[in-house]
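Q: Input file: data37.cif. Contents: mmCIF, C-alpha atoms and all ligand atoms; chains and numbers go by the auth columns.
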```cif
data_input
loop_
_atom_site.group_PDB
_atom_site.id
_atom_site.type_symbol
_atom_site.label_atom_id
_atom_site.label_comp_id
_atom_site.label_asym_id
_atom_site.label_seq_id
_atom_site.Cartn_x
_atom_site.Cartn_y
_atom_site.Cartn_z
_atom_site.B_iso_or_equiv
_atom_site.auth_seq_id
_atom_site.auth_asym_id
ATOM 1 C CA MET A 1 -18.722 -4.361 -8.967 0.00 1 A
ATOM 2 C CA ASN A 2 -18.291 -3.266 -5.346 0.00 2 A
ATOM 3 C CA ASP A 3 -15.044 -5.103 -4.794 0.00 3 A
ATOM 4 C CA ILE A 4 -11.885 -3.908 -6.477 0.00 4 A
ATOM 5 C CA VAL A 5 -9.678 -6.883 -5.635 0.00 5 A
ATOM 6 C CA THR A 6 -10.680 -10.439 -4.816 0.00 6 A
ATOM 7 C CA PHE A 7 -8.668 -13.453 -3.705 0.00 7 A
ATOM 8 C CA GLN A 8 -10.334 -16.859 -4.074 0.00 8 A
ATOM 9 C CA GLN A 9 -8.701 -19.789 -2.279 0.00 9 A
ATOM 10 C CA VAL A 10 -5.271 -18.375 -3.061 0.00 10 A
ATOM 11 C CA VAL A 11 -2.241 -20.417 -2.064 0.00 11 A
ATOM 12 C CA LYS A 12 1.355 -19.270 -2.521 0.00 12 A
ATOM 13 C CA SER A 13 4.081 -21.718 -1.629 0.00 13 A
ATOM 14 C CA TYR A 14 7.799 -21.081 -1.581 0.00 14 A
ATOM 15 C CA GLY A 15 9.164 -24.614 -1.386 0.00 15 A
ATOM 16 C CA ARG A 16 7.617 -26.020 1.778 0.00 16 A
ATOM 17 C CA LYS A 17 6.754 -22.567 3.131 0.00 17 A
ATOM 18 C CA ARG A 18 3.144 -21.460 2.574 0.00 18 A
ATOM 19 C CA ALA A 19 3.146 -17.664 2.391 0.00 19 A
ATOM 20 C CA LEU A 20 -0.589 -17.595 1.612 0.00 20 A
ATOM 21 C CA ASP A 21 -2.670 -20.449 2.929 0.00 21 A
ATOM 22 C CA GLY A 22 -5.824 -20.627 0.803 0.00 22 A
ATOM 23 C CA ILE A 23 -6.864 -17.040 1.340 0.00 23 A
ATOM 24 C CA THR A 24 -10.353 -15.850 0.324 0.00 24 A
ATOM 25 C CA LEU A 25 -11.197 -12.167 0.744 0.00 25 A
ATOM 26 C CA SER A 26 -12.248 -9.054 -1.081 0.00 26 A
ATOM 27 C CA PHE A 27 -11.191 -5.408 -0.896 0.00 27 A
ATOM 28 C CA PRO A 28 -14.088 -2.932 -1.166 0.00 28 A
ATOM 29 C CA LYS A 29 -13.940 -0.276 -3.866 0.00 29 A
ATOM 30 C CA GLY A 30 -13.384 3.449 -3.178 0.00 30 A
ATOM 31 C CA LYS A 31 -11.972 3.125 0.338 0.00 31 A
ATOM 32 C CA VAL A 32 -8.683 3.602 2.113 0.00 32 A
ATOM 33 C CA ILE A 33 -7.917 0.119 3.379 0.00 33 A
ATOM 34 C CA GLY A 34 -5.361 -1.056 5.904 0.00 34 A
ATOM 35 C CA LEU A 35 -3.772 -4.446 5.269 0.00 35 A
ATOM 36 C CA LEU A 36 -2.428 -5.257 8.704 0.00 36 A
ATOM 37 C CA GLY A 37 -0.512 -8.157 10.113 0.00 37 A
ATOM 38 C CA GLU A 38 2.701 -9.236 11.779 0.00 38 A
ATOM 39 C CA ASN A 39 6.025 -9.759 9.965 0.00 39 A
ATOM 40 C CA GLY A 40 5.789 -12.556 7.424 0.00 40 A
ATOM 41 C CA ALA A 41 1.961 -12.627 7.422 0.00 41 A
ATOM 42 C CA GLY A 42 1.864 -12.414 3.610 0.00 42 A
ATOM 43 C CA LYS A 43 1.088 -8.737 2.940 0.00 43 A
ATOM 44 C CA SER A 44 3.877 -8.078 0.409 0.00 44 A
ATOM 45 C CA THR A 45 3.076 -11.376 -1.294 0.00 45 A
ATOM 46 C CA MET A 46 -0.518 -10.215 -1.810 0.00 46 A
ATOM 47 C CA PHE A 47 0.570 -6.843 -3.231 0.00 47 A
ATOM 48 C CA LYS A 48 2.985 -8.526 -5.645 0.00 48 A
ATOM 49 C CA MET A 49 0.216 -10.813 -6.844 0.00 49 A
ATOM 50 C CA MET A 50 -2.070 -7.862 -7.553 0.00 50 A
ATOM 51 C CA VAL A 51 0.523 -6.392 -9.935 0.00 51 A
ATOM 52 C CA ASN A 52 1.451 -9.695 -11.570 0.00 52 A
ATOM 53 C CA LEU A 53 4.969 -9.840 -10.095 0.00 53 A
ATOM 54 C CA ILE A 54 4.242 -13.284 -8.673 0.00 54 A
ATOM 55 C CA GLN A 55 1.549 -15.812 -9.519 0.00 55 A
ATOM 56 C CA PRO A 56 -0.492 -17.937 -7.128 0.00 56 A
ATOM 57 C CA THR A 57 0.455 -21.582 -6.724 0.00 57 A
ATOM 58 C CA SER A 58 -3.305 -22.203 -6.880 0.00 58 A
ATOM 59 C CA GLY A 59 -6.500 -20.175 -6.618 0.00 59 A
ATOM 60 C CA GLU A 60 -7.556 -17.010 -8.376 0.00 60 A
ATOM 61 C CA VAL A 61 -6.820 -13.296 -8.024 0.00 61 A
ATOM 62 C CA ARG A 62 -8.948 -10.635 -9.728 0.00 62 A
ATOM 63 C CA VAL A 63 -8.055 -6.944 -9.825 0.00 63 A
ATOM 64 C CA LEU A 64 -10.509 -4.425 -11.335 0.00 64 A
ATOM 65 C CA GLY A 65 -12.465 -7.461 -12.508 0.00 65 A
ATOM 66 C CA GLN A 66 -9.545 -8.921 -14.436 0.00 66 A
ATOM 67 C CA LYS A 67 -6.645 -11.309 -14.070 0.00 67 A
ATOM 68 C CA PRO A 68 -3.518 -9.318 -13.064 0.00 68 A
ATOM 69 C CA SER A 69 -1.411 -8.372 -16.096 0.00 69 A
ATOM 70 C CA TRP A 70 1.226 -5.846 -17.169 0.00 70 A
ATOM 71 C CA ARG A 71 -1.431 -4.042 -19.185 0.00 71 A
ATOM 72 C CA LEU A 72 -3.697 -3.716 -16.156 0.00 72 A
ATOM 73 C CA ASN A 73 -0.795 -2.177 -14.209 0.00 73 A
ATOM 74 C CA GLU A 74 -1.373 1.088 -16.113 0.00 74 A
ATOM 75 C CA ARG A 75 -4.360 1.578 -13.812 0.00 75 A
ATOM 76 C CA ILE A 76 -2.477 0.724 -10.619 0.00 76 A
ATOM 77 C CA ALA A 77 0.204 2.610 -8.670 0.00 77 A
ATOM 78 C CA TYR A 78 2.351 0.218 -6.654 0.00 78 A
ATOM 79 C CA LEU A 79 4.942 1.266 -4.088 0.00 79 A
ATOM 80 C CA SER A 80 7.050 -1.715 -3.039 0.00 80 A
ATOM 81 C CA ASP A 81 8.488 -1.986 0.473 0.00 81 A
ATOM 82 C CA ARG A 82 11.932 -2.284 -1.148 0.00 82 A
ATOM 83 C CA ALA A 83 11.555 0.574 -3.624 0.00 83 A
ATOM 84 C CA ARG A 84 14.623 2.716 -4.359 0.00 84 A
ATOM 85 C CA TRP A 85 14.796 5.676 -6.683 0.00 85 A
ATOM 86 C CA TYR A 86 17.625 6.649 -9.091 0.00 86 A
ATOM 87 C CA LYS A 87 20.434 8.019 -6.935 0.00 87 A
ATOM 88 C CA HIS A 88 21.543 10.720 -9.378 0.00 88 A
ATOM 89 C CA HIS A 89 18.084 12.284 -9.865 0.00 89 A
ATOM 90 C CA SER A 90 17.074 15.482 -8.146 0.00 90 A
ATOM 91 C CA VAL A 91 13.516 15.756 -6.776 0.00 91 A
ATOM 92 C CA GLU A 92 12.577 17.808 -9.826 0.00 92 A
ATOM 93 C CA GLU A 93 14.081 15.258 -12.219 0.00 93 A
ATOM 94 C CA ALA A 94 12.388 12.378 -10.398 0.00 94 A
ATOM 95 C CA ILE A 95 9.033 14.116 -10.799 0.00 95 A
ATOM 96 C CA ARG A 96 9.602 14.866 -14.492 0.00 96 A
ATOM 97 C CA PHE A 97 10.773 11.291 -15.029 0.00 97 A
ATOM 98 C CA GLY A 98 7.628 10.045 -13.255 0.00 98 A
ATOM 99 C CA ALA A 99 5.481 12.190 -15.553 0.00 99 A
ATOM 100 C CA ARG A 100 7.174 10.595 -18.596 0.00 100 A
ATOM 101 C CA VAL A 101 7.060 6.942 -17.560 0.00 101 A
ATOM 102 C CA PHE A 102 4.008 6.499 -15.322 0.00 102 A
ATOM 103 C CA PRO A 103 0.589 6.469 -16.985 0.00 103 A
ATOM 104 C CA HIS A 104 -1.911 9.050 -15.634 0.00 104 A
ATOM 105 C CA PHE A 105 0.717 11.037 -13.708 0.00 105 A
ATOM 106 C CA ASP A 106 -0.366 14.491 -12.485 0.00 106 A
ATOM 107 C CA LEU A 107 2.731 16.703 -12.655 0.00 107 A
ATOM 108 C CA GLU A 108 1.208 19.676 -10.850 0.00 108 A
ATOM 109 C CA LYS A 109 -0.078 17.521 -8.015 0.00 109 A
ATOM 110 C CA ALA A 110 3.372 15.940 -7.641 0.00 110 A
ATOM 111 C CA LYS A 111 5.026 19.378 -7.397 0.00 111 A
ATOM 112 C CA GLN A 112 2.516 20.536 -4.791 0.00 112 A
ATOM 113 C CA MET A 113 3.044 17.396 -2.718 0.00 113 A
ATOM 114 C CA ALA A 114 6.830 17.808 -2.896 0.00 114 A
ATOM 115 C CA ALA A 115 6.487 21.330 -1.486 0.00 115 A
ATOM 116 C CA PHE A 116 4.106 20.112 1.212 0.00 116 A
ATOM 117 C CA MET A 117 6.492 17.289 2.109 0.00 117 A
ATOM 118 C CA LYS A 118 9.342 19.821 2.344 0.00 118 A
ATOM 119 C CA LEU A 119 11.381 18.311 -0.476 0.00 119 A
ATOM 120 C CA GLU A 120 13.527 20.877 -2.288 0.00 120 A
ATOM 121 C CA PRO A 121 13.411 20.559 -6.103 0.00 121 A
ATOM 122 C CA THR A 122 17.221 20.499 -6.304 0.00 122 A
ATOM 123 C CA GLN A 123 17.766 17.864 -3.584 0.00 123 A
ATOM 124 C CA ILE A 124 19.594 14.789 -4.946 0.00 124 A
ATOM 125 C CA VAL A 125 18.155 11.369 -4.080 0.00 125 A
ATOM 126 C CA GLY A 126 21.585 9.901 -3.317 0.00 126 A
ATOM 127 C CA ASP A 127 22.093 12.545 -0.600 0.00 127 A
ATOM 128 C CA MET A 128 18.678 12.085 1.000 0.00 128 A
ATOM 129 C CA SER A 129 17.916 10.525 4.359 0.00 129 A
ATOM 130 C CA LYS A 130 15.801 7.349 4.376 0.00 130 A
ATOM 131 C CA GLY A 131 12.726 9.349 5.397 0.00 131 A
ATOM 132 C CA GLN A 132 13.196 11.963 2.671 0.00 132 A
ATOM 133 C CA GLU A 133 13.479 9.268 0.018 0.00 133 A
ATOM 134 C CA ALA A 134 10.392 7.552 1.451 0.00 134 A
ATOM 135 C CA ARG A 135 8.468 10.836 1.070 0.00 135 A
ATOM 136 C CA LEU A 136 9.577 11.154 -2.545 0.00 136 A
ATOM 137 C CA GLN A 137 8.533 7.571 -3.295 0.00 137 A
ATOM 138 C CA LEU A 138 5.180 8.126 -1.658 0.00 138 A
ATOM 139 C CA LEU A 139 4.378 11.305 -3.568 0.00 139 A
ATOM 140 C CA LEU A 140 5.311 9.683 -6.891 0.00 140 A
ATOM 141 C CA SER A 141 2.651 7.030 -6.188 0.00 141 A
ATOM 142 C CA LEU A 142 0.024 9.443 -4.849 0.00 142 A
ATOM 143 C CA ALA A 143 0.385 11.776 -7.842 0.00 143 A
ATOM 144 C CA ARG A 144 -1.001 9.132 -10.171 0.00 144 A
ATOM 145 C CA ASP A 145 -4.622 9.437 -11.159 0.00 145 A
ATOM 146 C CA VAL A 146 -5.378 5.711 -11.153 0.00 146 A
ATOM 147 C CA ASP A 147 -8.145 3.442 -9.817 0.00 147 A
ATOM 148 C CA LEU A 148 -5.984 1.554 -7.370 0.00 148 A
ATOM 149 C CA ILE A 149 -2.983 2.627 -5.273 0.00 149 A
ATOM 150 C CA LEU A 150 -1.012 -0.045 -3.418 0.00 150 A
ATOM 151 C CA LEU A 151 1.395 1.158 -0.742 0.00 151 A
ATOM 152 C CA ASP A 152 3.545 -1.459 0.963 0.00 152 A
ATOM 153 C CA GLU A 153 4.891 0.088 4.191 0.00 153 A
ATOM 154 C CA PRO A 154 5.051 3.635 2.789 0.00 154 A
ATOM 155 C CA PHE A 155 5.743 5.331 6.136 0.00 155 A
ATOM 156 C CA SER A 156 8.720 3.311 7.286 0.00 156 A
ATOM 157 C CA GLY A 157 11.673 5.577 7.959 0.00 157 A
ATOM 158 C CA ILE A 158 9.550 8.738 8.064 0.00 158 A
ATOM 159 C CA ASP A 159 9.737 10.502 11.433 0.00 159 A
ATOM 160 C CA LEU A 160 6.655 10.826 13.625 0.00 160 A
ATOM 161 C CA LEU A 161 5.795 14.494 12.987 0.00 161 A
ATOM 162 C CA SER A 162 6.307 14.256 9.222 0.00 162 A
ATOM 163 C CA ARG A 163 4.252 11.085 9.181 0.00 163 A
ATOM 164 C CA GLU A 164 1.399 12.784 10.993 0.00 164 A
ATOM 165 C CA LYS A 165 1.447 15.650 8.477 0.00 165 A
ATOM 166 C CA ILE A 166 1.539 13.274 5.522 0.00 166 A
ATOM 167 C CA VAL A 167 -1.323 11.261 6.956 0.00 167 A
ATOM 168 C CA GLU A 168 -3.328 14.489 7.360 0.00 168 A
ATOM 169 C CA LEU A 169 -2.675 15.377 3.728 0.00 169 A
ATOM 170 C CA MET A 170 -3.728 11.886 2.675 0.00 170 A
ATOM 171 C CA ILE A 171 -6.922 12.123 4.724 0.00 171 A
ATOM 172 C CA ASP A 172 -7.738 15.472 3.071 0.00 172 A
ATOM 173 C CA THR A 173 -7.011 14.350 -0.459 0.00 173 A
ATOM 174 C CA LEU A 174 -7.822 10.658 -0.579 0.00 174 A
ATOM 175 C CA THR A 175 -10.775 9.737 1.551 0.00 175 A
ATOM 176 C CA GLU A 176 -13.354 11.571 -0.570 0.00 176 A
ATOM 177 C CA GLY A 177 -12.621 10.213 -4.036 0.00 177 A
ATOM 178 C CA GLU A 178 -13.336 7.149 -6.115 0.00 178 A
ATOM 179 C CA LYS A 179 -9.863 5.731 -5.679 0.00 179 A
ATOM 180 C CA THR A 180 -9.100 2.635 -3.676 0.00 180 A
ATOM 181 C CA ILE A 181 -5.907 2.726 -1.639 0.00 181 A
ATOM 182 C CA ILE A 182 -4.536 -0.338 0.093 0.00 182 A
ATOM 183 C CA ILE A 183 -1.808 0.335 2.635 0.00 183 A
ATOM 184 C CA SER A 184 0.243 -2.051 4.724 0.00 184 A
ATOM 185 C CA THR A 185 1.865 -0.599 7.805 0.00 185 A
ATOM 186 C CA HIS A 186 3.082 -1.507 11.255 0.00 186 A
ATOM 187 C CA ASP A 187 2.456 2.027 12.536 0.00 187 A
ATOM 188 C CA ILE A 188 -1.225 1.500 13.196 0.00 188 A
ATOM 189 C CA HIS A 189 -1.633 4.064 15.944 0.00 189 A
ATOM 190 C CA GLU A 190 -0.369 7.009 13.883 0.00 190 A
ATOM 191 C CA VAL A 191 -2.415 6.242 10.798 0.00 191 A
ATOM 192 C CA GLU A 192 -5.618 5.230 12.600 0.00 192 A
ATOM 193 C CA GLY A 193 -7.552 8.198 11.130 0.00 193 A
ATOM 194 C CA LEU A 194 -6.701 7.304 7.555 0.00 194 A
ATOM 195 C CA PHE A 195 -8.296 3.900 7.297 0.00 195 A
ATOM 196 C CA GLU A 196 -11.954 3.318 6.413 0.00 196 A
ATOM 197 C CA HIS A 197 -11.671 -0.463 6.271 0.00 197 A
ATOM 198 C CA VAL A 198 -9.146 -2.881 7.761 0.00 198 A
ATOM 199 C CA LEU A 199 -8.076 -6.461 7.080 0.00 199 A
ATOM 200 C CA PHE A 200 -6.067 -8.452 9.583 0.00 200 A
ATOM 201 C CA LEU A 201 -3.735 -11.093 8.231 0.00 201 A
ATOM 202 C CA LYS A 202 -2.032 -13.822 10.242 0.00 202 A
ATOM 203 C CA GLY A 203 0.110 -16.694 9.002 0.00 203 A
ATOM 204 C CA GLY A 204 -1.045 -16.376 5.390 0.00 204 A
ATOM 205 C CA ASN A 205 -4.724 -16.119 6.155 0.00 205 A
ATOM 206 C CA VAL A 206 -7.243 -13.405 6.859 0.00 206 A
ATOM 207 C CA VAL A 207 -8.440 -13.559 10.459 0.00 207 A
ATOM 208 C CA SER A 208 -10.819 -10.613 10.388 0.00 208 A
ATOM 209 C CA GLN A 209 -11.999 -7.726 8.231 0.00 209 A
ATOM 210 C CA THR A 210 -14.227 -4.824 9.150 0.00 210 A
ATOM 211 C CA ASP A 211 -15.296 -1.264 8.374 0.00 211 A
ATOM 212 C CA VAL A 212 -13.580 1.112 10.779 0.00 212 A
ATOM 213 C CA GLU A 213 -16.873 2.900 11.438 0.00 213 A
ATOM 214 C CA ALA A 214 -18.314 -0.366 12.781 0.00 214 A
ATOM 215 C CA LEU A 215 -15.355 -0.637 15.164 0.00 215 A
ATOM 216 C CA ARG A 216 -15.795 2.950 16.334 0.00 216 A
ATOM 217 C CA GLN A 217 -19.446 2.316 17.069 0.00 217 A
ATOM 218 C CA LYS A 218 -18.306 -0.489 19.352 0.00 218 A
ATOM 219 C CA GLY A 219 -15.913 1.973 21.006 0.00 219 A
ATOM 220 C CA LEU A 220 -12.845 0.166 19.657 0.00 220 A
ATOM 221 C CA SER A 221 -9.730 1.560 17.981 0.00 221 A
ATOM 222 C CA ILE A 222 -7.986 -0.314 15.159 0.00 222 A
ATOM 223 C CA GLN A 223 -5.072 -0.935 17.479 0.00 223 A
ATOM 224 C CA GLU A 224 -7.339 -2.517 20.124 0.00 224 A
ATOM 225 C CA GLU A 225 -8.997 -4.694 17.483 0.00 225 A
ATOM 226 C CA TYR A 226 -5.549 -5.699 16.176 0.00 226 A
ATOM 227 C CA ARG A 227 -4.547 -6.860 19.665 0.00 227 A
ATOM 228 C CA ARG A 228 -7.842 -8.737 20.046 0.00 228 A
ATOM 229 C CA VAL A 229 -7.748 -10.653 16.755 0.00 229 A
ATOM 230 C CA MET A 230 -4.007 -11.240 16.624 0.00 230 A
ATOM 231 C CA GLY A 231 -3.453 -12.115 20.261 0.00 231 A
HETATM 232 N N1 LIG B . 10.993 -15.235 -2.449 0.00 301 B
HETATM 233 C C1 LIG B . 10.707 -15.896 -1.335 0.00 301 B
HETATM 234 N N2 LIG B . 11.256 -17.091 -1.061 0.00 301 B
HETATM 235 C C2 LIG B . 10.967 -17.767 0.064 0.00 301 B
HETATM 236 N N3 LIG B . 10.104 -17.348 1.017 0.00 301 B
HETATM 237 C C3 LIG B . 9.527 -16.159 0.814 0.00 301 B
HETATM 238 C C4 LIG B . 9.784 -15.365 -0.354 0.00 301 B
HETATM 239 N N4 LIG B . 9.044 -14.237 -0.292 0.00 301 B
HETATM 240 C C5 LIG B . 8.348 -14.307 0.884 0.00 301 B
HETATM 241 N N5 LIG B . 8.644 -15.464 1.534 0.00 301 B
HETATM 242 C C6 LIG B . 8.071 -15.888 2.828 0.00 301 B
HETATM 243 O O1 LIG B . 6.658 -15.743 2.737 0.00 301 B
HETATM 244 C C7 LIG B . 6.119 -15.266 3.964 0.00 301 B
HETATM 245 C C8 LIG B . 5.312 -14.006 3.711 0.00 301 B
HETATM 246 O O2 LIG B . 6.191 -12.966 3.332 0.00 301 B
HETATM 247 P P1 LIG B . 5.699 -11.475 3.021 0.00 301 B
HETATM 248 O O3 LIG B . 6.927 -10.693 2.584 0.00 301 B
HETATM 249 O O4 LIG B . 4.553 -11.528 2.102 0.00 301 B
HETATM 250 O O5 LIG B . 5.215 -10.982 4.463 0.00 301 B
HETATM 251 P P2 LIG B . 4.811 -9.545 4.995 0.00 301 B
HETATM 252 O O6 LIG B . 3.500 -9.703 5.682 0.00 301 B
HETATM 253 O O7 LIG B . 4.899 -8.539 3.903 0.00 301 B
HETATM 254 O O8 LIG B . 5.929 -9.265 6.084 0.00 301 B
HETATM 255 P P3 LIG B . 6.611 -7.897 6.625 0.00 301 B
HETATM 256 O O9 LIG B . 5.592 -7.221 7.483 0.00 301 B
HETATM 257 O O10 LIG B . 7.771 -8.397 7.427 0.00 301 B
HETATM 258 O O11 LIG B . 7.047 -7.091 5.429 0.00 301 B
HETATM 259 C C9 LIG B . 7.311 -15.064 4.907 0.00 301 B
HETATM 260 O O12 LIG B . 7.420 -16.196 5.744 0.00 301 B
HETATM 261 C C10 LIG B . 8.500 -14.970 3.980 0.00 301 B
HETATM 262 O O13 LIG B . 9.668 -15.446 4.591 0.00 301 B
#
```
Turn this file's structure into structure tokens for me.
Ligand SMILES: Nc1ncnc2c1ncn2[C@@H]1O[C@H](COP(=O)(O)OP(=O)(O)OP(=O)(O)O)[C@@H](O)[C@H]1O
A:
Amino acid sequence: MNDIVTFQQVVKSYGRKRALDGITLSFPKGKVIGLLGENGAGKSTMFKMMVNLIQPTSGEVRVLGQKPSWRLNERIAYLSDRARWYKHHSVEEAIRFGARVFPHFDLEKAKQMAAFMKLEPTQIVGDMSKGQEARLQLLLSLARDVDLILLDEPFSGIDLLSREKIVELMIDTLTEGEKTIIISTHDIHEVEGLFEHVLFLKGGNVVSQTDVEALRQKGLSIQEEYRRVMG
């Protein structure tokens, strides 16, 4: 199995609104993948389907070769674009809580990432800035030793320099392994170096998908390709 997630003719309707319009695509295994598209293109809807939070109106989704289910979610880390952490927890407590409740959580890795992301162990979530909380959320997902990591807009609220550092850390730690990471973001320029494969979504359908190496060989950046296919 070379594809970790597949969508076959997937439609999702909310009343008369079609969030996904018969989408057929597959996400290759073992890569860092960008799921890119304008507001309302259907990215969050796709993530939620992969973790069984919503079901397709019609069509079929397969994740790790199976129908999405709560049981399968043990092998997936999912960071929602609306995620909030417990306000009263300190960074240290959040990490210990993560180790208790999330399957395959690497406590040591989480502590190292917190230090790298300049989060003090005693800092309280309720007192954090948006960007600090976003860093905490991100590390709690990245510290899980799972097959598939889904990050829905993980960098929003994180300032430019911190984002660049975090992206560097992710490039160092993620691009070599077996894991598949799917990331949606609007900050394409700053995370260019992270992606190995990109999918472009528009109006509930995939308009293009390509390996980033193939783009580079054509002398194109992801941002230039985005403008070309979305324009
Ligand atoms: N619960 C819902 N009820 C009605 N419409 C919805 C619901 N959830 C999503 N939609 C609609 O489905 C479409 C796709 O939404 P989705 O959140 O998947 O987009 P997105 O690509 O993640 O957007 P963004 O980049 O703004 O986060 C949008 O038009 C949105 O308004």
Q: Could you give me the residues within 12 Å of ligand LIG 301 (chain B), counting only C-alpha atoms and all ligand atoms, as a ChimeraX atom specification?
A: /A:11-21,35-49,53-55,80-82,151-154,156,183-187,200-206
Q: Please produce a file of those selected residues containing C-alpha atoms, as a tab-separated table (two decimals), keeping the file's coordinate frame.
A:
```
chain	number	residue	atom	x	y	z
A	11	VAL	CA	-2.24	-20.42	-2.06
A	12	LYS	CA	1.36	-19.27	-2.52
A	13	SER	CA	4.08	-21.72	-1.63
A	14	TYR	CA	7.80	-21.08	-1.58
A	15	GLY	CA	9.16	-24.61	-1.39
A	16	ARG	CA	7.62	-26.02	1.78
A	17	LYS	CA	6.75	-22.57	3.13
A	18	ARG	CA	3.14	-21.46	2.57
A	19	ALA	CA	3.15	-17.66	2.39
A	20	LEU	CA	-0.59	-17.60	1.61
A	21	ASP	CA	-2.67	-20.45	2.93
A	35	LEU	CA	-3.77	-4.45	5.27
A	36	LEU	CA	-2.43	-5.26	8.70
A	37	GLY	CA	-0.51	-8.16	10.11
A	38	GLU	CA	2.70	-9.24	11.78
A	39	ASN	CA	6.02	-9.76	9.96
A	40	GLY	CA	5.79	-12.56	7.42
A	41	ALA	CA	1.96	-12.63	7.42
A	42	GLY	CA	1.86	-12.41	3.61
A	43	LYS	CA	1.09	-8.74	2.94
A	44	SER	CA	3.88	-8.08	0.41
A	45	THR	CA	3.08	-11.38	-1.29
A	46	MET	CA	-0.52	-10.22	-1.81
A	47	PHE	CA	0.57	-6.84	-3.23
A	48	LYS	CA	2.98	-8.53	-5.64
A	49	MET	CA	0.22	-10.81	-6.84
A	53	LEU	CA	4.97	-9.84	-10.10
A	54	ILE	CA	4.24	-13.28	-8.67
A	55	GLN	CA	1.55	-15.81	-9.52
A	80	SER	CA	7.05	-1.72	-3.04
A	81	ASP	CA	8.49	-1.99	0.47
A	82	ARG	CA	11.93	-2.28	-1.15
A	151	LEU	CA	1.40	1.16	-0.74
A	152	ASP	CA	3.54	-1.46	0.96
A	153	GLU	CA	4.89	0.09	4.19
A	154	PRO	CA	5.05	3.64	2.79
A	156	SER	CA	8.72	3.31	7.29
A	183	ILE	CA	-1.81	0.34	2.64
A	184	SER	CA	0.24	-2.05	4.72
A	185	THR	CA	1.86	-0.60	7.80
A	186	HIS	CA	3.08	-1.51	11.26
A	187	ASP	CA	2.46	2.03	12.54
A	200	PHE	CA	-6.07	-8.45	9.58
A	201	LEU	CA	-3.74	-11.09	8.23
A	202	LYS	CA	-2.03	-13.82	10.24
A	203	GLY	CA	0.11	-16.69	9.00
A	204	GLY	CA	-1.04	-16.38	5.39
A	205	ASN	CA	-4.72	-16.12	6.16
A	206	VAL	CA	-7.24	-13.40	6.86
```
Q: Report as a list of chain:residue names all protein, DNA and RNA residues lying within 7 Å of Gly34 in chain A, evaluated on only C-alpha atoms, omitting residues in the same chain fewer than 3 positions from it.
A: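 Near Gly34 in chain A, the qualifying residues are A:Ile182, A:Ile183, A:Ser184, A:Phe195, A:His197, A:Val198, A:Leu199.
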Q: Return as a list of chain:residue names the set of residues that the PyMOL selection byres (((chain A and resi 121-136) around 8) and not hetatm) yields on the displayed structure.
A: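 Given this file, the PyMOL selection byres (((chain A and resi 121-136) around 8) and not hetatm) evaluates to A:Arg84, A:Trp85, A:Tyr86, A:Lys87, A:His88, A:His89, A:Ser90, A:Val91, A:Glu92, A:Ala114, A:Met117, A:Leu119, A:Glu120, A:Gln137, A:Leu138, A:Leu139, A:Leu140, A:Pro154, A:Phe155, A:Ser156, A:Gly157, A:Ile158, A:Asp159.
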Q: Please provide as a PyMOL selection string all residues within 12 Å of Glu225 in chain A, with the sequence filter that same-chain residues fewer than 2 positions apart are discarded (counting only C-alpha atoms).
A: chain A and resi 36-37+188-189+192+198-200+207-212+214-216+218-223+227-231
Q: Could you dump the residues just selected with C-alpha atoms as a PDB file, in the frame of the given file?
A:
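Output contents, as saved in part_1.pdb:
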```pdb
ATOM      1  CA  LEU A  36      -2.428  -5.257   8.704  1.00  0.00           C
ATOM      2  CA  GLY A  37      -0.512  -8.157  10.113  1.00  0.00           C
ATOM      3  CA  ILE A 188      -1.225   1.500  13.196  1.00  0.00           C
ATOM      4  CA  HIS A 189      -1.633   4.064  15.944  1.00  0.00           C
ATOM      5  CA  GLU A 192      -5.618   5.230  12.600  1.00  0.00           C
ATOM      6  CA  VAL A 198      -9.146  -2.881   7.761  1.00  0.00           C
ATOM      7  CA  LEU A 199      -8.076  -6.461   7.080  1.00  0.00           C
ATOM      8  CA  PHE A 200      -6.067  -8.452   9.583  1.00  0.00           C
ATOM      9  CA  VAL A 207      -8.440 -13.559  10.459  1.00  0.00           C
ATOM     10  CA  SER A 208     -10.819 -10.613  10.388  1.00  0.00           C
ATOM     11  CA  GLN A 209     -11.999  -7.726   8.231  1.00  0.00           C
ATOM     12  CA  THR A 210     -14.227  -4.824   9.150  1.00  0.00           C
ATOM     13  CA  ASP A 211     -15.296  -1.264   8.374  1.00  0.00           C
ATOM     14  CA  VAL A 212     -13.580   1.112  10.779  1.00  0.00           C
ATOM     15  CA  ALA A 214     -18.314  -0.366  12.781  1.00  0.00           C
ATOM     16  CA  LEU A 215     -15.355  -0.637  15.164  1.00  0.00           C
ATOM     17  CA  ARG A 216     -15.795   2.950  16.334  1.00  0.00           C
ATOM     18  CA  LYS A 218     -18.306  -0.489  19.352  1.00  0.00           C
ATOM     19  CA  GLY A 219     -15.913   1.973  21.006  1.00  0.00           C
ATOM     20  CA  LEU A 220     -12.845   0.166  19.657  1.00  0.00           C
ATOM     21  CA  SER A 221      -9.730   1.560  17.981  1.00  0.00           C
ATOM     22  CA  ILE A 222      -7.986  -0.314  15.159  1.00  0.00           C
ATOM     23  CA  GLN A 223      -5.072  -0.935  17.479  1.00  0.00           C
ATOM     24  CA  ARG A 227      -4.547  -6.860  19.665  1.00  0.00           C
ATOM     25  CA  ARG A 228      -7.842  -8.737  20.046  1.00  0.00           C
ATOM     26  CA  VAL A 229      -7.748 -10.653  16.755  1.00  0.00           C
ATOM     27  CA  MET A 230      -4.007 -11.240  16.624  1.00  0.00           C
ATOM     28  CA  GLY A 231      -3.453 -12.115  20.261  1.00  0.00           C
TER      29      GLY A 231
END
```
Q: Please write as a count of residues only the full residue list that the PyMOL selection byres (((chain A and resi 163-175) around 7) and not hetatm) yields on this file.
A: 13
